[in-house]
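Structure first, commentary second.
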Amino acid sequence: MNLSGDLSLSWMLLGWLGLVFQAVWAFKQAPWYKIQGDSGAQSVFLGMTVAILLVWVTGAQIENGLNFHFLLMTTVTLMFGVSFALILALLVMVGMTLVGHGDWQALGWNYLLMGVVPVWISWWIATWSYRLLDRNFFVFVLLNGFFAAVLSTVVSLMLIGGVMGLMELHSWTEISHQYMGFVPILALPEGFLNGFLVAAMVLFKPEWLACFSDEVYLKGK
């Protein structure tokens, strides 16, 4: 799903401007005190960063350079919160580019479309469900884990397809015939994978989920 190819100067600058704005916001808003001096939390963050990078690097590629991989941004958002999730996505995207799986000129757009968009959608759904719905295990896993991953992936992939067409990186015919058909095929597995990972952490490692609390979601349910 990485954008690649010759971007015009205006498109490149627009993407980088979005990256800088979002990255500065994330670094300023991140609750650094939560991981300062906590080697365990730091190890989990770094380990997840490496794991996501490996997943993205080993994605499948189809014709004309179009490639697909799991995003896992919903799981990352529930684990670390929106600020750290955006920072992790940036680190992964820079790592992807360093190892040759992305173009530096497209780094801004790749970060925005594959990192920022799914992270914010996942965060908004988690926040909305916490405020308006019953707080229990099934709501947390099915809505915040499964549904948020499906929706954020669909939106992300559709936006990527649209941006590729507007940038004229691929023809609209190629995008509609060779790309858009993979959106539902990838979105559902993305939902199942994120839902499974979230459920597993709720059961075995709830301390890894910044958005989860035993007192809120399990006690007395």
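Note on naming: chains are A, B, ... as they come in the structure tokens, residues start from 1 per chain, ligands start from 1 in the order shown.
The strand (DSSP E or B) portion of chain A consists of Ala60, Gln61, Asn67 and Phe68 of chain A, with states taken from DSSP on the backbone.
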Item to complete: Determine, counting only C-alpha atoms, which protein, DNA and RNA residues have an atom within 7 Å of an atom of Val55 (chain A); residues of the same chain fewer than 3 positions away are not included. Present the result as number ranges by chain.
Response: A: 51-52, 58-59, 69-70
Go ahead and write the residues just picked, N, CA and C atoms, as a PDB file, in the first residue's frame.
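Okay, selection-v4.pdb is ready:
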```pdb
ATOM      1  N   ALA A  51       8.158  -5.332  15.522  1.00  0.00           N
ATOM      2  CA  ALA A  51       7.189  -6.312  15.022  1.00  0.00           C
ATOM      3  C   ALA A  51       6.355  -5.729  13.882  1.00  0.00           C
ATOM      4  N   ILE A  52       5.876  -4.499  14.041  1.00  0.00           N
ATOM      5  CA  ILE A  52       5.084  -3.865  12.990  1.00  0.00           C
ATOM      6  C   ILE A  52       5.930  -3.644  11.745  1.00  0.00           C
ATOM      7  N   THR A  58       7.176  -7.421   5.040  1.00  0.00           N
ATOM      8  CA  THR A  58       6.885  -8.712   4.418  1.00  0.00           C
ATOM      9  C   THR A  58       5.512  -8.747   3.763  1.00  0.00           C
ATOM     10  N   GLY A  59       4.980  -7.601   3.378  1.00  0.00           N
ATOM     11  CA  GLY A  59       3.688  -7.563   2.720  1.00  0.00           C
ATOM     12  C   GLY A  59       3.727  -8.217   1.351  1.00  0.00           C
ATOM     13  N   HIS A  69      -0.228  -5.021   3.025  1.00  0.00           N
ATOM     14  CA  HIS A  69       0.233  -5.606   4.281  1.00  0.00           C
ATOM     15  C   HIS A  69      -0.732  -5.205   5.388  1.00  0.00           C
ATOM     16  N   PHE A  70      -0.729  -5.976   6.474  1.00  0.00           N
ATOM     17  CA  PHE A  70      -1.547  -5.610   7.619  1.00  0.00           C
ATOM     18  C   PHE A  70      -1.040  -4.297   8.210  1.00  0.00           C
TER      19      PHE A  70
END
```
Worksheet item: Which residues, written as a PyMOL selection string, have at least one atom at most 10 Å from region 139-145 of chain A, with only C-alpha atoms counted and residues fewer than 5 positions away on the same chain left out?
Response: chain A and resi 72+74-75+77-78+122-130+133-134+150+190-200+202+211-212+217
Store the residues picked out above in a file with C-alpha atoms, as a JSON list (two decimals), in the first residue's frame.
```json
[["chain", "number", "residue", "atom", "x", "y", "z"],
["A", 72, "LEU", "CA", -2.16, -3.24, 12.99],
["A", 74, "THR", "CA", -5.75, -0.32, 15.91],
["A", 75, "THR", "CA", -3.86, -2.63, 18.25],
["A", 77, "THR", "CA", -3.51, 2.67, 19.40],
["A", 78, "LEU", "CA", -5.19, 0.63, 22.13],
["A", 122, "SER", "CA", -9.29, 3.77, 16.06],
["A", 123, "TRP", "CA", -8.88, 6.38, 18.78],
["A", 124, "TRP", "CA", -12.18, 8.12, 17.97],
["A", 125, "ILE", "CA", -14.05, 4.80, 18.06],
["A", 126, "ALA", "CA", -12.44, 3.86, 21.39],
["A", 127, "THR", "CA", -13.28, 7.26, 22.87],
["A", 128, "TRP", "CA", -16.85, 7.20, 21.54],
["A", 129, "SER", "CA", -17.53, 3.68, 22.81],
["A", 130, "TYR", "CA", -16.11, 4.54, 26.27],
["A", 133, "LEU", "CA", -21.70, 2.34, 25.32],
["A", 134, "ASP", "CA", -21.68, -0.27, 28.05],
["A", 150, "VAL", "CA", -11.98, -3.02, 9.69],
["A", 190, "GLU", "CA", -7.17, -7.07, 9.57],
["A", 191, "GLY", "CA", -10.20, -6.94, 11.85],
["A", 192, "PHE", "CA", -9.86, -10.56, 12.95],
["A", 193, "LEU", "CA", -6.12, -10.19, 13.61],
["A", 194, "ASN", "CA", -6.50, -7.01, 15.66],
["A", 195, "GLY", "CA", -9.48, -8.42, 17.53],
["A", 196, "PHE", "CA", -7.54, -11.57, 18.37],
["A", 197, "LEU", "CA", -4.49, -9.64, 19.56],
["A", 198, "VAL", "CA", -6.60, -7.30, 21.68],
["A", 199, "ALA", "CA", -8.54, -10.19, 23.23],
["A", 200, "ALA", "CA", -5.31, -12.05, 23.99],
["A", 202, "VAL", "CA", -6.99, -8.40, 27.72],
["A", 211, "CYS", "CA", -7.02, 2.00, 26.91],
["A", 212, "PHE", "CA", -8.11, -0.95, 29.07],
["A", 217, "TYR", "CA", -14.41, -3.44, 31.80]]
```
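Across the model, the gap from CA of Trp11 (chain A) to CA of Gln105 (chain A) is 9.1 Å.
Proximity ranking of A:Val44, A:Ala187, A:Leu9, A:Leu19 relative to Ala148 (chain A) places A:Ala187 first, based on only C-alpha atoms.
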Discussion item. Let's see if you can do this: from backbone DSSP, list all alpha helix (DSSP H) residues in chain A, as a ChimeraX atom specification.
Written reply: /A:9-29,39-57,73-98,107-111,117-132,137-138,148-166,172-174,182-204,214-217
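Using only C-alpha atoms, the smallest distance between any of A:Trp25, A:Trp109, A:Phe45, A:Tyr33 and Met167 (chain A) comes from A:Trp109.
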Discussion item. Would you pick out the contacts of region 151-166 of chain A at 7 Å or less, using only C-alpha atoms, so that residues sharing its chain but fewer than 6 positions from it are not included, and give the list as a ChimeraX atom specification?
Written reply: /A:113-114,117-118,121-122,172,175,183,187
Go ahead and save the residues from that selection, with N, CA and C atoms, as a PDB file, in the first residue's frame.
```
ATOM      1  N   LEU A 113      -1.432   8.326   5.441  1.00  0.00           N
ATOM      2  CA  LEU A 113      -2.482   7.415   5.010  1.00  0.00           C
ATOM      3  C   LEU A 113      -2.447   6.070   5.721  1.00  0.00           C
ATOM      4  N   MET A 114      -1.272   5.574   6.051  1.00  0.00           N
ATOM      5  CA  MET A 114      -1.169   4.261   6.693  1.00  0.00           C
ATOM      6  C   MET A 114      -0.947   4.334   8.198  1.00  0.00           C
ATOM      7  N   VAL A 117      -4.214   8.187   9.659  1.00  0.00           N
ATOM      8  CA  VAL A 117      -5.640   7.928   9.434  1.00  0.00           C
ATOM      9  C   VAL A 117      -6.150   6.759  10.276  1.00  0.00           C
ATOM     10  N   PRO A 118      -5.554   5.560  10.213  1.00  0.00           N
ATOM     11  CA  PRO A 118      -6.077   4.458  11.030  1.00  0.00           C
ATOM     12  C   PRO A 118      -5.922   4.681  12.532  1.00  0.00           C
ATOM     13  N   ILE A 121      -8.830   7.133  13.559  1.00  0.00           N
ATOM     14  CA  ILE A 121     -10.125   6.462  13.489  1.00  0.00           C
ATOM     15  C   ILE A 121     -10.281   5.491  14.652  1.00  0.00           C
ATOM     16  N   SER A 122      -9.238   4.715  14.935  1.00  0.00           N
ATOM     17  CA  SER A 122      -9.288   3.765  16.056  1.00  0.00           C
ATOM     18  C   SER A 122      -9.463   4.491  17.381  1.00  0.00           C
ATOM     19  N   TRP A 172      -6.760   5.207 -13.218  1.00  0.00           N
ATOM     20  CA  TRP A 172      -7.973   4.875 -12.466  1.00  0.00           C
ATOM     21  C   TRP A 172      -8.457   3.462 -12.799  1.00  0.00           C
ATOM     22  N   ILE A 175      -6.402   1.109 -10.696  1.00  0.00           N
ATOM     23  CA  ILE A 175      -6.802   1.227  -9.289  1.00  0.00           C
ATOM     24  C   ILE A 175      -8.123   0.520  -9.045  1.00  0.00           C
ATOM     25  N   VAL A 183      -9.632  -4.403  -1.142  1.00  0.00           N
ATOM     26  CA  VAL A 183      -9.974  -3.691   0.092  1.00  0.00           C
ATOM     27  C   VAL A 183     -10.761  -4.574   1.058  1.00  0.00           C
ATOM     28  N   ALA A 187      -9.471  -6.055   4.628  1.00  0.00           N
ATOM     29  CA  ALA A 187     -10.077  -5.414   5.798  1.00  0.00           C
ATOM     30  C   ALA A 187     -10.575  -6.428   6.818  1.00  0.00           C
TER      31      ALA A 187
END
```
Discussion item. Residues near Phe84 (chain A), anyone? I mean within 9 Å using only C-alpha atoms, not counting same-chain ones fewer than 3 positions away, as a list of chain:residue names.
Written reply: A:Ala26, A:Phe27, A:Gln29, A:Ala30, A:Pro31, A:Trp32, A:Phe45, A:Val76, A:Thr77, A:Phe80, A:Gly81, A:Ile87, A:Leu88, A:Ala89
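Residues surrounding Leu90 (chain A) within 8 Å are Ala23, Tyr111 and Gly115 of chain A [only C-alpha atoms; sequence separation below 5 positions excluded].
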Suppose we keep C-alpha atoms; can you now write the selection as a PDB file, in the first residue's frame?
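selection_38.pdb was written with the following content:
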```pdb
ATOM      1  CA  ALA A  23       4.665  14.403  14.340  1.00  0.00           C
ATOM      2  CA  TYR A 111       2.744   8.141   7.027  1.00  0.00           C
ATOM      3  CA  GLY A 115      -0.401   5.664  10.127  1.00  0.00           C
TER       4      GLY A 115
END
```
Worksheet entry | Distance criterion (only C-alpha atoms): nearest to Asn2 (chain A) out of A:Phe147, A:Phe68, A:Phe21, A:Trp16 | A:Phe68
Worksheet entry | Pick from A:Met93, A:Leu186, A:Val24, A:Leu98 nearest to Asn110 (chain A), counting only C-alpha atoms | A:Met93
